[in-house]
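*Asks:* Sharing a structure here in structure tokens format.
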Amino acid sequence: MCRLAAFALFVFASSVSALEATAQLLFVSGPPTELTIAPPSFAGLDPLPDEDSATRIVWLFSPRRPSKIVVNTVAPGQSFRLFTEARNVFRATGMPEVQLFDGGPGLDFIRDIPRRSFIGAASIYFRAEAPAQLGNSQLYGDDNHTVYFTWTAQ
Amino acid sequence: MKLTKVIAALVFLGVTATASNAQTTDAHDVTIVVPTVNMIAVSGDLTLTLGQPAAPGGDPAPATSTGAQYLVTTNETGKKITAALSSNYSTGITLAVELIAVGSATSAGQVTLSATAVDVVTGIGLVSGSAAINYTASATSAVAPGSETRTVTYTLTS
């Protein structure tokens, strides 16, 4: 009976560990983002950037070690500039704005996600720039990014 | 032993279930659209006053302007700037203009203006900036004293 109880306790502990180790959930919500560059207010200036912060990121069940979320993009034939930043970060630390390049490495987006926390969230801010020297969509086509957010160990 | 098996089965199922729910990456689509932009502007009005002839009976001394500028933005290639007068000046009066090239464009140098558009800068592309406009007005001695005003229209075109 004692052996059975010990085994049950072991199984319970294993179950909790397994839950913590495997239940991490990361979601990005919101419709696809479209950023449209606008003409400048005056000739001689570069076209105006566009920005958007309608997208949210939520993470659940953080692991037993401090963790972070990195961001990178896949955008074949990228012509224009895309920046992103986490804002209104809940239960973690948002990193300064980063510029995304096609196929670039994961860049720190959110850090210091506390271990064993239940939930965290942030707004995702996107900003696009296209100075005149970078051309336009008629010349090069629109930039289509698939932006990846990955939760990883810190 | 039977209880042990039950517990083990439940744990196995639980672990399998949580493992299949784990998601540590998500993606979001972002599209950047850049419309064509072609803009040109020039600095304000100016007056050119011809000087006294260098010698009696000679033509008035030409007048040149300083400080005029044009500003241009284009995110296209193969553009040019043309210039035209609203109407020709009276016979004997000439207005010439030189636009300094912006970016890697090419200036046509000093060009005499008329009511027919003429290229003043070519090869403009993918640029935003400003450069100087230099005007030179001249007249022959046959022109009666007075003033004439014309509008110079600059067009950024293909």
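Note on naming: chains are A, B, ... as they come in the structure tokens, residues start from 1 per chain, ligands start from 1 in the order shown.
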What are the residues of chain A lining chain B at 7 Å or less? Count only C-alpha atoms, and put the answer as number ranges by chain.
*Replies:* A: 4, 11, 15, 18-19, 22-28, 32-37, 39, 43-46, 128, 132-137, 142-151
*Asks:* Residues of the last selection are to be written out with C-alpha atoms, as a short mmCIF file (atom, residue, chain, number, x, y, z; two decimals), in the first residue's frame.
*Replies:*
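Wrote it out as selection19.cif, contents follow:
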```cif
data_model
loop_
_atom_site.label_atom_id
_atom_site.label_comp_id
_atom_site.auth_asym_id
_atom_site.auth_seq_id
_atom_site.Cartn_x
_atom_site.Cartn_y
_atom_site.Cartn_z
CA LEU A 4 1.36 2.24 -4.23
CA VAL A 11 2.97 9.80 -11.06
CA SER A 15 2.04 14.68 -14.46
CA ALA A 18 4.73 17.17 -17.93
CA LEU A 19 1.94 19.74 -17.91
CA THR A 22 4.40 20.86 -22.56
CA ALA A 23 1.38 23.11 -22.11
CA GLN A 24 2.95 26.41 -23.21
CA LEU A 25 0.54 28.15 -25.49
CA LEU A 26 1.30 31.16 -27.66
CA PHE A 27 -1.33 32.86 -29.77
CA VAL A 28 -1.29 35.83 -32.09
CA PRO A 32 -3.82 40.15 -41.27
CA THR A 33 -2.17 43.55 -41.14
CA GLU A 34 -1.97 45.81 -44.17
CA LEU A 35 0.29 48.84 -44.01
CA THR A 36 -0.05 51.42 -46.77
CA ILE A 37 2.56 54.10 -47.31
CA PRO A 39 2.53 60.53 -49.99
CA ALA A 43 7.38 67.56 -52.12
CA GLY A 44 10.99 66.94 -51.24
CA LEU A 45 10.14 64.74 -48.28
CA ASP A 46 9.96 60.96 -48.18
CA ALA A 128 6.39 50.24 -42.31
CA ALA A 132 11.56 57.25 -52.08
CA GLN A 133 14.80 55.47 -52.90
CA LEU A 134 13.18 52.11 -52.08
CA GLY A 135 10.66 52.43 -54.90
CA ASN A 136 7.05 51.38 -54.89
CA SER A 137 4.79 48.36 -55.19
CA ASP A 142 3.91 44.49 -52.31
CA ASP A 143 5.98 43.11 -49.45
CA ASN A 144 4.28 40.05 -48.00
CA HIS A 145 5.61 39.11 -44.58
CA THR A 146 4.87 36.07 -42.50
CA VAL A 147 6.02 37.24 -39.11
CA TYR A 148 6.83 34.47 -36.63
CA PHE A 149 6.70 34.83 -32.87
CA THR A 150 8.50 32.07 -31.03
CA TRP A 151 8.50 31.42 -27.30
#
```
*Asks:* Env of Ser138 of chain B: 10 Å cut, atoms = only C-alpha atoms, seq-sep filter 2 positions within chain, self excluded. Answer as a compact mmCIF listing (two decimals) with N, CA and C atoms, in the first residue's frame.
*Replies:*
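Result went into part.txt, see below:
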```
# COMPACT_ATOMS: atom_id res chain seq x y z
N LEU B 48 12.89 89.81 -61.43
CA LEU B 48 14.23 90.05 -61.97
C LEU B 48 14.25 91.45 -62.60
N THR B 49 15.15 92.25 -62.16
CA THR B 49 15.26 93.62 -62.68
C THR B 49 16.56 93.78 -63.46
N LEU B 50 16.41 94.08 -64.73
CA LEU B 50 17.60 94.20 -65.57
C LEU B 50 18.37 95.48 -65.21
N GLY B 51 19.66 95.44 -65.44
CA GLY B 51 20.51 96.57 -65.09
C GLY B 51 20.77 97.50 -66.26
N ASP B 59 22.75 96.65 -74.79
CA ASP B 59 21.60 95.97 -74.17
C ASP B 59 21.66 96.12 -72.65
N PRO B 60 20.49 96.10 -72.02
CA PRO B 60 20.49 96.11 -70.54
C PRO B 60 21.27 94.93 -69.99
N ALA B 61 21.86 95.14 -68.83
CA ALA B 61 22.61 94.04 -68.21
C ALA B 61 21.65 92.94 -67.75
N PRO B 62 21.95 91.71 -68.08
CA PRO B 62 21.07 90.62 -67.65
C PRO B 62 20.91 90.59 -66.13
N ALA B 63 19.81 90.02 -65.71
CA ALA B 63 19.56 89.86 -64.26
C ALA B 63 19.51 88.37 -63.94
N THR B 64 20.12 88.02 -62.83
CA THR B 64 20.08 86.61 -62.41
C THR B 64 19.45 86.51 -61.03
N GLY B 92 12.34 90.17 -77.90
CA GLY B 92 13.49 90.86 -77.31
C GLY B 92 13.71 90.54 -75.85
N ILE B 93 12.73 89.95 -75.21
CA ILE B 93 12.89 89.57 -73.80
C ILE B 93 13.08 88.05 -73.72
N THR B 94 14.06 87.66 -72.95
CA THR B 94 14.36 86.23 -72.83
C THR B 94 14.48 85.86 -71.35
N LEU B 95 13.89 84.72 -71.03
CA LEU B 95 14.09 84.17 -69.69
C LEU B 95 14.69 82.77 -69.85
N ALA B 96 15.83 82.59 -69.25
CA ALA B 96 16.49 81.27 -69.28
C ALA B 96 16.53 80.72 -67.86
N THR B 136 17.91 83.53 -65.47
CA THR B 136 18.60 84.66 -66.08
C THR B 136 17.65 85.36 -67.04
N THR B 140 16.82 93.01 -75.11
CA THR B 140 17.59 93.83 -76.05
C THR B 140 17.27 95.31 -75.80
N SER B 141 18.07 96.14 -76.36
CA SER B 141 17.86 97.58 -76.17
C SER B 141 16.59 98.07 -76.86
```
*Asks:* Could you jot down the atom CA of Ala115 of chain B to atom CA of Ala84 of chain B separation for me, Å, one decimal place?
*Replies:*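 Taking atom CA of Ala115 of chain B as the start and atom CA of Ala84 of chain B as the end point, the length is 5.2 Å.
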*Asks:* To test your reading of the structure, identify every residue in segment 4-113 of chain A that backbone DSSP assigns to strand (DSSP E or B), and report it as a count of residues only.
*Replies:* 53
*Asks:* How would you write, as a ChimeraX atom specification, the set of residues in chain A that DSSP gives as helix (DSSP H, G or I)?
*Replies:* /A:2-22,132-134,137-140
